[in-house]
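Trainee: One structure is given below, represented as structure tokens, and several questions about it will come after.
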Amino acid sequence: MDLDTDELENLMEDDDDVNVQLTSAELIEMMEEIWVNEKFAPEILPNKSEIVDCVLGQINYMERNLNTLQCTDFKKGIHQLEVDRIRYLVTSYLRQRLEKIETYVFHILKQEEQRAERGELLYLTEAEQQFAMKYKEGLKQHFENVTSFYPGLPVEDWRNQLVVPNIHSFVFLKARNNVEGVVIDTGRDDDNDVVDINPGSQMIISYNSVVDLVKNSDVHLI
Amino acid sequence: MFGEKAYILIKELDRSRDSLPPYNTELIGEIGNEIKQLIAQNQEDAQVTEDSHAAESVSYIPTVKIRHAAIKRNVRCILAYHYNRIKCLKTMRWQFGSILPPDVKANLSASEIEWFSQYSNSLVHYMRSIGEDGINLAVDLKPPKSLYIEVRCLVDYGQFELNDGSVLLLKRNSRHYLPRNECEELIRRGVLEHVV
């Protein structure tokens with residue numbers, strides 16, 4: 001892997017933007033992290049469209065560079081594979097998000113609405129939001145079609161029984177920063193344990209206790 | 001007994017988890033009729049309850065409640081049936097792309113076909129909006145391990161042009177060494193088979 005990233009850097013040496021102090025290797029690392037986070041978090045996480053856009057830009061640039069190389073060049077194959085791998089990272093990340101949006105569409109849109117009301121940052125990108133709306137409409141339309149044989153059926157039920165992510169599921173995490181006094185939320189008020197997380201330590205913990213830490217990237221999931 | 005047909009419907013769904021059996025119009029219709037009947041009976045009883053004196057009408061209330069529970073259950077089963085079929089359709093969208101194989105299409109209801117094209121459209125719309133000129137999320141479904149893979153051709157496909165312009169003939173049982181990203185779609189469509 002080391003070799004690959006070295007090669008990568010050679011290929012993109014002059015691409016480092018002046019305003020973003022990031023090497024491409026660091027960028028890929030960040031992309032990997034948000035990908036893994038998204039993969040293991042039970043609920044949808046805030047979107048990282050800046051990183052995704054950056055990586056997509058990198059891919060485009062690398063592909064343009066690749067086209068200037070000759071077909072017989074041995075390096076071309078290696079670089080091409082690297083580009084494919086990075087692209088897989090991005091597409092898999094986006095697919096992961098789409099899947100969550102589809103499964104929890106009603107729940108997510110409701111949460112987004114609440115966030116918009118409170119003036120908080122939205123989790124979905126604009127395109128994702130659009131997709132979610134359309135998906136919801138389609139589902140609603142289809143359900144109405146299949147129950148149209150008797151108007152006025154008690155179909156409202158399914159709208160009240162939403163599919164929600166299980167945020168109490170357990171996740172593996174690795175800490176980056178020192179966090180003290182993380183309350184392990186057992187659901188009961190009386191006997192909550194408190195734990196300190198040291199940098200670099202790994203633990204398994206229920207997701208709802210560390211939601212905020214994951215979102216502000218004090219810890220990352222593994 | 002109430003809800004028996006709905007139970008058969010769910011059983012049918014459970015038996016074929018990864019494939020789409022033909023849309024069971026008949027059974028759905030029967031369940032719909034059962035629901036209609038139950039509602040009519042309930043309305044009748046409710047009417048009688050309203051008209052008569054409180055003393056004799058009490059006995060109807062449990063009946064109405066049970067019928068109502070049966071209606072709700074039936075509706076729920078119908079929705080579950082459709083929801084799970086849609087889930088299956090979704091996987092197929094990722095597998096085959098926006099055009100369904102004819103044998104799958106024959107098994108769908110009109111509403112499902114409509115839903116599918118709508119879903120497909122919004123997906124395409126979303127993919128186009130990412131990055132500068134869009135990105136196809138339907139490729140690279142598995143992590144790429146190598147650039148070229150060995151594939152065996154399962155059907156007589158005909159000519160296939162690669163990105164670099166070279167044309168090759170895909171004949172049944174022939175073996176090729178191809179760029180992974182170009183033949184991935186053909187593998188999913190069952191034209192090629194990855195030889196490991």
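Residues in the structure tokens are numbered from 1 in each chain, the chains being A, B, ... in the order shown, and ligands are numbered from 1 in the order shown.
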At a cut-off of 7 Å, which residues of chain B touch chain A? Count only C-alpha atoms and give the answer as number ranges by chain.

Mentor: B: 32, 36, 72, 79, 111, 115, 118-119, 122, 126, 129, 131, 137, 140, 143-144, 146-147

Trainee: Hey, what's within 9 Å of Glu43 of chain A if we count only C-alpha atoms and toss same-chain stuff fewer than 4 positions away? As a PyMOL selection string, please?

Mentor: chain A and resi 38+100+104+108+164-167

Trainee: So that I have them on file, write out the residues from the current selection with C-alpha atoms, as a tab-separated table (two decimals), in the first residue's frame.

Mentor:
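After the write, out_33.tsv holds the following:
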chain	number	residue	atom	x	y	z
A	38	GLU	CA	-20.71	5.57	7.14
A	100	LYS	CA	-29.72	4.19	4.24
A	104	TYR	CA	-35.19	4.96	6.52
A	108	ILE	CA	-34.60	10.69	7.74
A	164	VAL	CA	-35.94	3.56	12.21
A	165	PRO	CA	-32.26	2.76	12.56
A	166	ASN	CA	-31.26	0.93	15.70
A	167	ILE	CA	-28.94	3.44	17.28

Trainee: Find, counting only C-alpha atoms, the residue in B:Glu150, B:Lys11, B:Leu20, B:Lys105 that gets nearest to Cys77 of chain B.

Mentor: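 With only C-alpha atoms as the atom set, the closest residue is B:Lys11.
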
Trainee: Among segment 53-156 of chain B, which residues does DSSP mark as strand (DSSP E or B) when it is run on the backbone? Keep the chain and numbering as in the structure and answer as a count of residues only.

Mentor: 6

Trainee: Would you list the contacts of Ile8 of chain B as a list in words, taking every protein, DNA or RNA residue within 12 Å and counting only C-alpha atoms, but skipping same-chain residues closer than 6 positions in sequence?

Mentor: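 Residues near the query, excluding close chain neighbours: Phe2, Asp14, Arg15, Asn24, Leu27, Ile28, Glu30, Ile31, Asn74, Cys77, Ile78 and Tyr81 of chain B.
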
Trainee: When DSSP works through the backbone of this structure, what residues of segment 16-221 of chain A end up as helix (DSSP H, G or I), shown as a PyMOL selection string?

Mentor: chain A and resi 24-40+49-68+74-103+105-118+126-146+157-160+207-209+211-215
